[in-house]
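Shown next, in structure tokens, is the structure this report addresses.
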Amino acid sequence: MPFEFKRLEIPDVILIKPKVFRDERGFFMETYKKLDFERAGIKGEFVQDNHSKSNYGVLRGLHFQREPYAQAKIVRAVRGVIYDVAVDLRRDSPTFGRWVGAILSEHNKYQLYIPRGFAHGFLVLSDVAEVVYKVDNVYAPDYEGGIIWNDPEIGIDWPIDEPTVSEKDRKWPTLREAIEKGWTF
Ligand SMILES: Cc1cn([C@H]2C[C@H](O)[C@@H](COP(=O)(O)OP(=O)(O)O[C@H]3O[C@@H](C)C(=O)[C@@H](O)[C@H]3O)O2)c(=O)[nH]c1=O
């Protein structure tokens with residue numbers, strides 16, 4: 001099997017470690033294989049690929065799309081190093097409101113699978129990072145949602161205290177405020 005799949009503390013979030021073939025030319029690896037991923041529990045049909053570049057200290061998140069445009073994501077860093085985080089927003093989940101994080105880098109080549117029903121964000125720990133991710137539903141700006149990155153009740157242990165956050169991302173509510181507004185995830 002060209003991949004190792006490791007379920008994290010929130011077991012529906014899966015860390016994917018590829019088999020990397022190195023030789024004098026460089027390396028080769030498979031990054032996605034529908035059948036192997038499905039056997040590991042990653043069942044979506046991935047219909048869109050995204051690529052972003054960010055500088056050191058940039059934090060993007062915490063984002064999700066509301067139903068019927070919820071998205072599962074498979075995230076990797078093709079350049080640089082990021083701390084990638086998933087927050088469980090599934091109201092009926094025993095881990096509702098909890099988070100998990102993993103370092104994804106051009107060096108470890110790990111990917112993180114984040115199911116639908118989660119908020120996602122990442123923080124750049126290298127000078128520059130380029131992040132590539134597959135999503136299993138199309139972009140739907142009218143269905144965008146977010147939770148503030150430093151929600152004290154979620155308590156994500158971000159490795160940088162004062163990240164650079166977009167104006168839009170500074171305005172998201174806390175999870176508690178989002179629930180009070182009647183948001184569904
Ligand atoms: C996400 C997205 C954005 N865009 C456009 C909208 C906007 O003009 C520009 C930048 O969008 P944003 O500021 O939302 O980009 P960004 O902050 O990078 O948003 C992303 O953050 C990470 C953490 C995720 O999990 C993604 O799902 C997505 O929400 O790109 C698309 O055309 N398609 C897309 O799928």
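Chain labels A, B, ... are given in the sequence in which chains occur in the structure tokens; within each chain residues are numbered consecutively from 1, and ligands are likewise numbered from 1 in the order shown.
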Step by step, measure atom-to-atom distances between ligand 1 and each residue using only C-alpha atoms and all ligand atoms, keep those at most 9 Å, then write them as a CSV table (one decimal) with N, CA and C atoms, in the first residue's frame.
```csv
chain,number,residue,atom,x,y,z
A,48,GLN,N,-12.9,19.4,-6.8
A,48,GLN,CA,-12.2,20.7,-7.0
A,48,GLN,C,-10.9,20.6,-6.3
A,49,ASP,N,-9.8,21.2,-6.9
A,49,ASP,CA,-8.5,21.3,-6.3
A,49,ASP,C,-8.2,22.7,-6.1
A,50,ASN,N,-7.6,23.1,-5.0
A,50,ASN,CA,-7.2,24.5,-4.6
A,50,ASN,C,-5.7,24.6,-4.3
A,51,HIS,N,-5.2,25.8,-4.5
A,51,HIS,CA,-3.8,26.0,-4.3
A,51,HIS,C,-3.6,27.4,-3.8
A,52,SER,N,-3.0,27.6,-2.6
A,52,SER,CA,-2.8,29.0,-2.1
A,52,SER,C,-1.4,29.1,-1.6
A,53,LYS,N,-0.9,30.3,-1.7
A,53,LYS,CA,0.5,30.6,-1.2
A,53,LYS,C,0.4,31.7,-0.1
A,54,SER,N,1.1,31.5,1.0
A,54,SER,CA,1.0,32.4,2.1
A,54,SER,C,2.4,32.6,2.7
A,59,LEU,N,-2.3,33.1,9.0
A,59,LEU,CA,-3.3,32.1,9.4
A,59,LEU,C,-4.6,32.2,8.5
A,60,ARG,N,-5.0,31.2,7.9
A,60,ARG,CA,-6.2,31.2,7.1
A,60,ARG,C,-7.2,30.3,7.8
A,61,GLY,N,-8.4,30.8,8.1
A,61,GLY,CA,-9.4,29.9,8.8
A,61,GLY,C,-10.0,30.7,9.9
A,62,LEU,N,-10.9,30.0,10.7
A,62,LEU,CA,-11.3,28.6,10.5
A,62,LEU,C,-12.5,28.6,9.6
A,63,HIS,N,-12.4,27.9,8.5
A,63,HIS,CA,-13.5,27.9,7.5
A,63,HIS,C,-14.2,26.6,7.3
A,64,PHE,N,-15.5,26.8,6.8
A,64,PHE,CA,-16.3,25.6,6.4
A,64,PHE,C,-17.3,26.2,5.4
A,65,GLN,N,-18.0,25.3,4.7
A,65,GLN,CA,-19.2,25.7,3.9
A,65,GLN,C,-20.3,25.0,4.5
A,71,GLN,N,-17.9,20.7,2.6
A,71,GLN,CA,-16.8,20.1,1.9
A,71,GLN,C,-15.9,19.3,2.8
A,72,ALA,N,-15.6,18.1,2.4
A,72,ALA,CA,-14.4,17.4,3.0
A,72,ALA,C,-13.2,17.9,2.2
A,73,LYS,N,-12.0,17.8,2.9
A,73,LYS,CA,-10.8,18.4,2.3
A,73,LYS,C,-9.6,17.4,2.5
A,75,VAL,N,-5.6,17.9,2.5
A,75,VAL,CA,-4.8,19.1,2.5
A,75,VAL,C,-3.3,18.7,2.6
A,84,ASP,N,-1.7,22.5,10.5
A,84,ASP,CA,-3.1,22.4,10.0
A,84,ASP,C,-4.0,21.9,11.0
A,85,VAL,N,-5.2,22.5,11.1
A,85,VAL,CA,-6.1,22.3,12.2
A,85,VAL,C,-7.5,22.0,11.7
A,119,ALA,N,-14.6,22.6,10.8
A,119,ALA,CA,-13.9,23.8,10.3
A,119,ALA,C,-12.4,23.6,10.2
A,120,HIS,N,-11.8,24.3,9.2
A,120,HIS,CA,-10.4,24.0,8.9
A,120,HIS,C,-9.7,25.3,8.8
A,121,GLY,N,-8.4,25.3,9.3
A,121,GLY,CA,-7.5,26.4,9.2
A,121,GLY,C,-6.1,26.0,9.3
A,122,PHE,N,-5.2,26.9,8.8
A,122,PHE,CA,-3.8,26.5,8.9
A,122,PHE,C,-3.0,27.8,9.2
A,123,LEU,N,-1.8,27.6,9.7
A,123,LEU,CA,-0.9,28.6,10.1
A,123,LEU,C,0.5,28.3,9.4
A,133,TYR,N,-5.1,21.6,-1.9
A,133,TYR,CA,-6.1,20.7,-1.3
A,133,TYR,C,-7.2,20.3,-2.2
A,135,VAL,N,-11.2,19.2,-2.6
A,135,VAL,CA,-12.4,19.3,-1.8
A,135,VAL,C,-13.5,18.5,-2.6
A,138,VAL,N,-18.1,21.9,-4.6
A,138,VAL,CA,-17.6,23.1,-5.2
A,138,VAL,C,-17.7,24.3,-4.3
A,139,TYR,N,-16.9,25.3,-4.6
A,139,TYR,CA,-16.9,26.6,-3.9
A,139,TYR,C,-18.3,27.2,-4.0
A,140,ALA,N,-18.8,27.6,-2.9
A,140,ALA,CA,-20.2,28.3,-2.9
A,140,ALA,C,-20.1,29.4,-1.9
A,141,PRO,N,-19.7,30.6,-2.4
A,141,PRO,CA,-19.4,31.8,-1.5
A,141,PRO,C,-20.6,32.1,-0.6
A,144,GLU,N,-20.4,30.2,2.7
A,144,GLU,CA,-19.2,30.2,3.5
A,144,GLU,C,-19.6,30.5,5.0
A,145,GLY,N,-18.9,29.8,5.9
A,145,GLY,CA,-19.0,30.1,7.3
A,145,GLY,C,-17.6,30.1,7.9
A,146,GLY,N,-17.5,30.6,9.1
A,146,GLY,CA,-16.2,30.6,9.8
A,146,GLY,C,-16.4,30.7,11.3
A,165,VAL,N,-3.9,37.7,10.0
A,165,VAL,CA,-5.2,37.2,9.7
A,165,VAL,C,-6.0,38.2,8.8
A,166,SER,N,-6.7,37.7,7.8
A,166,SER,CA,-7.4,38.6,6.9
A,166,SER,C,-8.5,39.3,7.6
A,168,LYS,N,-11.5,39.6,6.8
A,168,LYS,CA,-12.7,38.7,6.9
A,168,LYS,C,-12.6,37.7,8.0
A,169,ASP,N,-11.4,37.1,8.2
A,169,ASP,CA,-11.2,36.1,9.2
A,169,ASP,C,-11.2,36.6,10.6
```
Next item on the list: Run DSSP on the backbone and grab whatever in chain A lands in alpha helix (DSSP H); send it over as a PyMOL selection string.
Entry: chain A and resi 34-39+167-170+175-180
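For the residues A:Gly155, A:Gly41, A:Gly26, A:Pro173, ranking by smallest atom-to-atom distance to A:Arg98 using only C-alpha atoms places A:Gly155 first.
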Note to self: Neighbouring residues of A:Leu175 were defined as those with any atom within 10 Å, considering only C-alpha atoms; residues of the same chain fewer than 5 positions away were excluded. Please report them as a list in words.
What the structure shows: Leu89, Gly97, Gly146, Ile147, Ile148, Asp151, Pro152, Glu153, Ile154, Glu180, Lys181 and Trp183 of chain A
What parts of chain A does DSSP call strand (DSSP E or B)? I'd like the answer as a PDB file with N, CA and C atoms, in the first residue's frame.
```pdb
ATOM      1  N   PHE A   3       0.287   4.125   0.922  1.00  0.00           N
ATOM      2  CA  PHE A   3      -0.040   5.122   1.953  1.00  0.00           C
ATOM      3  C   PHE A   3      -0.190   4.433   3.305  1.00  0.00           C
ATOM      4  N   GLU A   4       0.123   5.214   4.359  1.00  0.00           N
ATOM      5  CA  GLU A   4      -0.236   4.781   5.714  1.00  0.00           C
ATOM      6  C   GLU A   4      -1.295   5.769   6.198  1.00  0.00           C
ATOM      7  N   PHE A   5      -2.372   5.248   6.739  1.00  0.00           N
ATOM      8  CA  PHE A   5      -3.465   6.105   7.194  1.00  0.00           C
ATOM      9  C   PHE A   5      -3.508   6.043   8.715  1.00  0.00           C
ATOM     10  N   LYS A   6      -3.413   7.194   9.358  1.00  0.00           N
ATOM     11  CA  LYS A   6      -3.399   7.213  10.828  1.00  0.00           C
ATOM     12  C   LYS A   6      -4.557   8.074  11.322  1.00  0.00           C
ATOM     13  N   ARG A   7      -5.472   7.435  12.045  1.00  0.00           N
ATOM     14  CA  ARG A   7      -6.588   8.199  12.605  1.00  0.00           C
ATOM     15  C   ARG A   7      -6.095   8.996  13.814  1.00  0.00           C
ATOM     16  N   ILE A  14      -7.980  12.029   9.463  1.00  0.00           N
ATOM     17  CA  ILE A  14      -6.987  10.992   9.131  1.00  0.00           C
ATOM     18  C   ILE A  14      -5.721  11.646   8.575  1.00  0.00           C
ATOM     19  N   LEU A  15      -4.585  11.270   9.169  1.00  0.00           N
ATOM     20  CA  LEU A  15      -3.285  11.724   8.666  1.00  0.00           C
ATOM     21  C   LEU A  15      -2.807  10.685   7.653  1.00  0.00           C
ATOM     22  N   ILE A  16      -2.414  11.163   6.479  1.00  0.00           N
ATOM     23  CA  ILE A  16      -2.036  10.267   5.382  1.00  0.00           C
ATOM     24  C   ILE A  16      -0.551  10.439   5.125  1.00  0.00           C
ATOM     25  N   LYS A  17       0.165   9.329   5.252  1.00  0.00           N
ATOM     26  CA  LYS A  17       1.615   9.375   5.039  1.00  0.00           C
ATOM     27  C   LYS A  17       1.918   8.617   3.740  1.00  0.00           C
ATOM     28  N   PRO A  18       2.474   9.291   2.760  1.00  0.00           N
ATOM     29  CA  PRO A  18       2.708   8.614   1.480  1.00  0.00           C
ATOM     30  C   PRO A  18       3.998   7.798   1.491  1.00  0.00           C
ATOM     31  N   PHE A  21       9.367   7.478  -3.069  1.00  0.00           N
ATOM     32  CA  PHE A  21      10.444   6.776  -3.779  1.00  0.00           C
ATOM     33  C   PHE A  21      11.500   7.805  -4.162  1.00  0.00           C
ATOM     34  N   ARG A  22      12.653   7.703  -3.513  1.00  0.00           N
ATOM     35  CA  ARG A  22      13.717   8.677  -3.795  1.00  0.00           C
ATOM     36  C   ARG A  22      14.792   8.029  -4.658  1.00  0.00           C
ATOM     37  N   ASP A  23      15.348   8.761  -5.582  1.00  0.00           N
ATOM     38  CA  ASP A  23      16.530   8.304  -6.317  1.00  0.00           C
ATOM     39  C   ASP A  23      17.353   9.527  -6.710  1.00  0.00           C
ATOM     40  N   GLY A  26      15.529  12.680  -7.787  1.00  0.00           N
ATOM     41  CA  GLY A  26      14.613  13.393  -6.887  1.00  0.00           C
ATOM     42  C   GLY A  26      13.697  12.399  -6.206  1.00  0.00           C
ATOM     43  N   PHE A  27      12.410  12.587  -6.285  1.00  0.00           N
ATOM     44  CA  PHE A  27      11.492  11.614  -5.675  1.00  0.00           C
ATOM     45  C   PHE A  27      10.245  11.465  -6.530  1.00  0.00           C
ATOM     46  N   PHE A  28       9.520  10.397  -6.233  1.00  0.00           N
ATOM     47  CA  PHE A  28       8.187  10.173  -6.807  1.00  0.00           C
ATOM     48  C   PHE A  28       7.279   9.696  -5.693  1.00  0.00           C
ATOM     49  N   GLN A  48     -12.893  19.406  -6.828  1.00  0.00           N
ATOM     50  CA  GLN A  48     -12.188  20.679  -7.026  1.00  0.00           C
ATOM     51  C   GLN A  48     -10.851  20.605  -6.309  1.00  0.00           C
ATOM     52  N   ASP A  49      -9.802  21.154  -6.934  1.00  0.00           N
ATOM     53  CA  ASP A  49      -8.487  21.265  -6.292  1.00  0.00           C
ATOM     54  C   ASP A  49      -8.161  22.739  -6.100  1.00  0.00           C
ATOM     55  N   ASN A  50      -7.579  23.075  -4.973  1.00  0.00           N
ATOM     56  CA  ASN A  50      -7.225  24.458  -4.650  1.00  0.00           C
ATOM     57  C   ASN A  50      -5.737  24.569  -4.342  1.00  0.00           C
ATOM     58  N   HIS A  51      -5.196  25.759  -4.531  1.00  0.00           N
ATOM     59  CA  HIS A  51      -3.772  26.001  -4.273  1.00  0.00           C
ATOM     60  C   HIS A  51      -3.647  27.424  -3.753  1.00  0.00           C
ATOM     61  N   SER A  52      -3.037  27.599  -2.578  1.00  0.00           N
ATOM     62  CA  SER A  52      -2.801  28.956  -2.085  1.00  0.00           C
ATOM     63  C   SER A  52      -1.359  29.087  -1.627  1.00  0.00           C
ATOM     64  N   LYS A  53      -0.883  30.315  -1.650  1.00  0.00           N
ATOM     65  CA  LYS A  53       0.477  30.622  -1.187  1.00  0.00           C
ATOM     66  C   LYS A  53       0.354  31.663  -0.098  1.00  0.00           C
ATOM     67  N   SER A  54       1.107  31.486   0.977  1.00  0.00           N
ATOM     68  CA  SER A  54       1.038  32.433   2.096  1.00  0.00           C
ATOM     69  C   SER A  54       2.423  32.593   2.701  1.00  0.00           C
ATOM     70  N   ASN A  55       2.611  33.742   3.325  1.00  0.00           N
ATOM     71  CA  ASN A  55       3.891  34.022   3.968  1.00  0.00           C
ATOM     72  C   ASN A  55       3.890  33.580   5.431  1.00  0.00           C
ATOM     73  N   VAL A  58       1.053  33.727   8.430  1.00  0.00           N
ATOM     74  CA  VAL A  58      -0.329  33.878   7.936  1.00  0.00           C
ATOM     75  C   VAL A  58      -1.170  32.721   8.455  1.00  0.00           C
ATOM     76  N   LEU A  59      -2.349  33.083   8.959  1.00  0.00           N
ATOM     77  CA  LEU A  59      -3.314  32.072   9.398  1.00  0.00           C
ATOM     78  C   LEU A  59      -4.571  32.232   8.542  1.00  0.00           C
ATOM     79  N   ARG A  60      -4.962  31.186   7.856  1.00  0.00           N
ATOM     80  CA  ARG A  60      -6.222  31.178   7.087  1.00  0.00           C
ATOM     81  C   ARG A  60      -7.190  30.273   7.827  1.00  0.00           C
ATOM     82  N   GLY A  61      -8.380  30.770   8.129  1.00  0.00           N
ATOM     83  CA  GLY A  61      -9.355  29.944   8.839  1.00  0.00           C
ATOM     84  C   GLY A  61     -10.019  30.742   9.936  1.00  0.00           C
ATOM     85  N   LEU A  62     -10.862  30.041  10.665  1.00  0.00           N
ATOM     86  CA  LEU A  62     -11.287  28.644  10.511  1.00  0.00           C
ATOM     87  C   LEU A  62     -12.512  28.596   9.604  1.00  0.00           C
ATOM     88  N   HIS A  63     -12.446  27.857   8.521  1.00  0.00           N
ATOM     89  CA  HIS A  63     -13.473  27.937   7.485  1.00  0.00           C
ATOM     90  C   HIS A  63     -14.242  26.632   7.313  1.00  0.00           C
ATOM     91  N   PHE A  64     -15.465  26.800   6.835  1.00  0.00           N
ATOM     92  CA  PHE A  64     -16.273  25.647   6.385  1.00  0.00           C
ATOM     93  C   PHE A  64     -17.316  26.192   5.412  1.00  0.00           C
ATOM     94  N   GLN A  65     -17.975  25.309   4.709  1.00  0.00           N
ATOM     95  CA  GLN A  65     -19.151  25.699   3.920  1.00  0.00           C
ATOM     96  C   GLN A  65     -20.349  24.972   4.514  1.00  0.00           C
ATOM     97  N   LYS A  73     -12.039  17.823   2.916  1.00  0.00           N
ATOM     98  CA  LYS A  73     -10.796  18.357   2.331  1.00  0.00           C
ATOM     99  C   LYS A  73      -9.648  17.374   2.547  1.00  0.00           C
ATOM    100  N   ILE A  74      -8.754  17.319   1.576  1.00  0.00           N
ATOM    101  CA  ILE A  74      -7.487  16.589   1.746  1.00  0.00           C
ATOM    102  C   ILE A  74      -6.383  17.606   1.475  1.00  0.00           C
ATOM    103  N   VAL A  75      -5.648  17.938   2.538  1.00  0.00           N
ATOM    104  CA  VAL A  75      -4.769  19.113   2.532  1.00  0.00           C
ATOM    105  C   VAL A  75      -3.308  18.673   2.592  1.00  0.00           C
ATOM    106  N   ARG A  76      -2.448  19.358   1.833  1.00  0.00           N
ATOM    107  CA  ARG A  76      -1.010  19.107   1.953  1.00  0.00           C
ATOM    108  C   ARG A  76      -0.232  20.390   1.656  1.00  0.00           C
ATOM    109  N   ALA A  77       0.985  20.438   2.135  1.00  0.00           N
ATOM    110  CA  ALA A  77       1.869  21.583   1.859  1.00  0.00           C
ATOM    111  C   ALA A  77       2.887  21.114   0.827  1.00  0.00           C
ATOM    112  N   VAL A  78       2.846  21.699  -0.369  1.00  0.00           N
ATOM    113  CA  VAL A  78       3.823  21.313  -1.396  1.00  0.00           C
ATOM    114  C   VAL A  78       5.093  22.154  -1.272  1.00  0.00           C
ATOM    115  N   ARG A  79       5.007  23.227  -0.507  1.00  0.00           N
ATOM    116  CA  ARG A  79       6.180  24.076  -0.245  1.00  0.00           C
ATOM    117  C   ARG A  79       6.059  24.601   1.167  1.00  0.00           C
ATOM    118  N   VAL A  81       6.107  24.776   5.443  1.00  0.00           N
ATOM    119  CA  VAL A  81       5.631  24.050   6.618  1.00  0.00           C
ATOM    120  C   VAL A  81       4.398  24.754   7.167  1.00  0.00           C
ATOM    121  N   ILE A  82       3.351  23.993   7.435  1.00  0.00           N
ATOM    122  CA  ILE A  82       2.149  24.583   8.058  1.00  0.00           C
ATOM    123  C   ILE A  82       1.723  23.753   9.263  1.00  0.00           C
ATOM    124  N   TYR A  83       0.973  24.422  10.147  1.00  0.00           N
ATOM    125  CA  TYR A  83       0.261  23.710  11.202  1.00  0.00           C
ATOM    126  C   TYR A  83      -1.207  23.709  10.782  1.00  0.00           C
ATOM    127  N   ASP A  84      -1.726  22.518  10.520  1.00  0.00           N
ATOM    128  CA  ASP A  84      -3.061  22.380   9.950  1.00  0.00           C
ATOM    129  C   ASP A  84      -4.027  21.898  11.034  1.00  0.00           C
ATOM    130  N   VAL A  85      -5.183  22.515  11.099  1.00  0.00           N
ATOM    131  CA  VAL A  85      -6.099  22.261  12.221  1.00  0.00           C
ATOM    132  C   VAL A  85      -7.515  21.970  11.723  1.00  0.00           C
ATOM    133  N   ALA A  86      -8.161  21.008  12.376  1.00  0.00           N
ATOM    134  CA  ALA A  86      -9.565  20.692  12.098  1.00  0.00           C
ATOM    135  C   ALA A  86     -10.344  20.788  13.405  1.00  0.00           C
ATOM    136  N   VAL A  87     -11.506  21.442  13.344  1.00  0.00           N
ATOM    137  CA  VAL A  87     -12.371  21.581  14.533  1.00  0.00           C
ATOM    138  C   VAL A  87     -13.693  20.869  14.248  1.00  0.00           C
ATOM    139  N   ASP A  88     -14.073  19.992  15.137  1.00  0.00           N
ATOM    140  CA  ASP A  88     -15.291  19.191  14.952  1.00  0.00           C
ATOM    141  C   ASP A  88     -16.534  20.046  15.238  1.00  0.00           C
ATOM    142  N   TRP A  99     -10.599  20.055  18.786  1.00  0.00           N
ATOM    143  CA  TRP A  99      -9.736  20.260  17.623  1.00  0.00           C
ATOM    144  C   TRP A  99      -8.588  19.253  17.603  1.00  0.00           C
ATOM    145  N   VAL A 100      -8.059  19.040  16.400  1.00  0.00           N
ATOM    146  CA  VAL A 100      -6.800  18.301  16.254  1.00  0.00           C
ATOM    147  C   VAL A 100      -5.923  19.077  15.273  1.00  0.00           C
ATOM    148  N   GLY A 101      -4.615  18.934  15.418  1.00  0.00           N
ATOM    149  CA  GLY A 101      -3.689  19.628  14.530  1.00  0.00           C
ATOM    150  C   GLY A 101      -2.550  18.713  14.121  1.00  0.00           C
ATOM    151  N   ALA A 102      -1.935  19.031  12.975  1.00  0.00           N
ATOM    152  CA  ALA A 102      -0.792  18.243  12.508  1.00  0.00           C
ATOM    153  C   ALA A 102       0.122  19.161  11.692  1.00  0.00           C
ATOM    154  N   ILE A 103       1.417  18.895  11.800  1.00  0.00           N
ATOM    155  CA  ILE A 103       2.378  19.588  10.937  1.00  0.00           C
ATOM    156  C   ILE A 103       2.367  18.898   9.576  1.00  0.00           C
ATOM    157  N   LEU A 104       2.137  19.702   8.538  1.00  0.00           N
ATOM    158  CA  LEU A 104       2.216  19.208   7.162  1.00  0.00           C
ATOM    159  C   LEU A 104       3.329  20.001   6.489  1.00  0.00           C
ATOM    160  N   SER A 105       4.208  19.328   5.782  1.00  0.00           N
ATOM    161  CA  SER A 105       5.324  20.070   5.195  1.00  0.00           C
ATOM    162  C   SER A 105       5.778  19.445   3.897  1.00  0.00           C
ATOM    163  N   GLN A 111      -0.480  14.399   4.454  1.00  0.00           N
ATOM    164  CA  GLN A 111      -1.735  15.064   4.085  1.00  0.00           C
ATOM    165  C   GLN A 111      -2.706  14.869   5.245  1.00  0.00           C
ATOM    166  N   LEU A 112      -3.645  15.812   5.362  1.00  0.00           N
ATOM    167  CA  LEU A 112      -4.672  15.668   6.398  1.00  0.00           C
ATOM    168  C   LEU A 112      -6.034  15.591   5.727  1.00  0.00           C
ATOM    169  N   TYR A 113      -6.769  14.542   6.064  1.00  0.00           N
ATOM    170  CA  TYR A 113      -8.157  14.409   5.591  1.00  0.00           C
ATOM    171  C   TYR A 113      -9.091  14.962   6.659  1.00  0.00           C
ATOM    172  N   ILE A 114      -9.887  15.937   6.249  1.00  0.00           N
ATOM    173  CA  ILE A 114     -10.826  16.596   7.155  1.00  0.00           C
ATOM    174  C   ILE A 114     -12.225  16.374   6.593  1.00  0.00           C
ATOM    175  N   PHE A 118     -16.554  19.798   9.664  1.00  0.00           N
ATOM    176  CA  PHE A 118     -15.430  20.351  10.422  1.00  0.00           C
ATOM    177  C   PHE A 118     -15.115  21.756   9.909  1.00  0.00           C
ATOM    178  N   ALA A 119     -14.561  22.601  10.780  1.00  0.00           N
ATOM    179  CA  ALA A 119     -13.935  23.844  10.344  1.00  0.00           C
ATOM    180  C   ALA A 119     -12.448  23.556  10.151  1.00  0.00           C
ATOM    181  N   HIS A 120     -11.849  24.266   9.194  1.00  0.00           N
ATOM    182  CA  HIS A 120     -10.434  24.021   8.867  1.00  0.00           C
ATOM    183  C   HIS A 120      -9.654  25.327   8.835  1.00  0.00           C
ATOM    184  N   GLY A 121      -8.418  25.265   9.308  1.00  0.00           N
ATOM    185  CA  GLY A 121      -7.537  26.416   9.210  1.00  0.00           C
ATOM    186  C   GLY A 121      -6.094  25.969   9.258  1.00  0.00           C
ATOM    187  N   PHE A 122      -5.204  26.857   8.794  1.00  0.00           N
ATOM    188  CA  PHE A 122      -3.781  26.526   8.919  1.00  0.00           C
ATOM    189  C   PHE A 122      -2.958  27.783   9.150  1.00  0.00           C
ATOM    190  N   LEU A 123      -1.794  27.561   9.747  1.00  0.00           N
ATOM    191  CA  LEU A 123      -0.859  28.626  10.094  1.00  0.00           C
ATOM    192  C   LEU A 123       0.486  28.300   9.447  1.00  0.00           C
ATOM    193  N   VAL A 124       1.087  29.307   8.799  1.00  0.00           N
ATOM    194  CA  VAL A 124       2.340  29.083   8.074  1.00  0.00           C
ATOM    195  C   VAL A 124       3.536  29.269   9.007  1.00  0.00           C
ATOM    196  N   VAL A 128       7.607  30.874   3.460  1.00  0.00           N
ATOM    197  CA  VAL A 128       6.503  30.822   2.503  1.00  0.00           C
ATOM    198  C   VAL A 128       5.925  29.415   2.570  1.00  0.00           C
ATOM    199  N   ALA A 129       4.629  29.276   2.352  1.00  0.00           N
ATOM    200  CA  ALA A 129       4.064  27.927   2.216  1.00  0.00           C
ATOM    201  C   ALA A 129       3.058  27.938   1.076  1.00  0.00           C
ATOM    202  N   GLU A 130       3.090  26.869   0.308  1.00  0.00           N
ATOM    203  CA  GLU A 130       2.059  26.671  -0.715  1.00  0.00           C
ATOM    204  C   GLU A 130       1.276  25.438  -0.328  1.00  0.00           C
ATOM    205  N   VAL A 131      -0.028  25.629  -0.236  1.00  0.00           N
ATOM    206  CA  VAL A 131      -0.918  24.584   0.254  1.00  0.00           C
ATOM    207  C   VAL A 131      -1.850  24.184  -0.886  1.00  0.00           C
ATOM    208  N   VAL A 132      -1.966  22.897  -1.072  1.00  0.00           N
ATOM    209  CA  VAL A 132      -2.795  22.346  -2.145  1.00  0.00           C
ATOM    210  C   VAL A 132      -3.814  21.430  -1.486  1.00  0.00           C
ATOM    211  N   TYR A 133      -5.071  21.562  -1.869  1.00  0.00           N
ATOM    212  CA  TYR A 133      -6.058  20.663  -1.258  1.00  0.00           C
ATOM    213  C   TYR A 133      -7.197  20.346  -2.204  1.00  0.00           C
ATOM    214  N   LYS A 134      -7.655  19.123  -2.033  1.00  0.00           N
ATOM    215  CA  LYS A 134      -8.798  18.635  -2.795  1.00  0.00           C
ATOM    216  C   LYS A 134     -10.037  18.847  -1.938  1.00  0.00           C
ATOM    217  N   VAL A 135     -11.162  19.155  -2.585  1.00  0.00           N
ATOM    218  CA  VAL A 135     -12.423  19.297  -1.849  1.00  0.00           C
ATOM    219  C   VAL A 135     -13.503  18.497  -2.570  1.00  0.00           C
ATOM    220  N   GLU A 144     -20.442  30.180   2.729  1.00  0.00           N
ATOM    221  CA  GLU A 144     -19.220  30.221   3.534  1.00  0.00           C
ATOM    222  C   GLU A 144     -19.554  30.475   5.001  1.00  0.00           C
ATOM    223  N   GLY A 145     -18.851  29.809   5.856  1.00  0.00           N
ATOM    224  CA  GLY A 145     -18.970  30.084   7.285  1.00  0.00           C
ATOM    225  C   GLY A 145     -17.595  30.057   7.917  1.00  0.00           C
ATOM    226  N   GLY A 146     -17.525  30.590   9.137  1.00  0.00           N
ATOM    227  CA  GLY A 146     -16.239  30.575   9.819  1.00  0.00           C
ATOM    228  C   GLY A 146     -16.408  30.734  11.315  1.00  0.00           C
ATOM    229  N   THR A 164      -0.897  36.641  11.208  1.00  0.00           N
ATOM    230  CA  THR A 164      -1.498  37.582  10.266  1.00  0.00           C
ATOM    231  C   THR A 164      -2.798  36.963   9.761  1.00  0.00           C
ATOM    232  N   VAL A 165      -3.908  37.709  10.004  1.00  0.00           N
ATOM    233  CA  VAL A 165      -5.237  37.159   9.717  1.00  0.00           C
ATOM    234  C   VAL A 165      -5.967  38.163   8.829  1.00  0.00           C
TER     235      VAL A 165
END
```
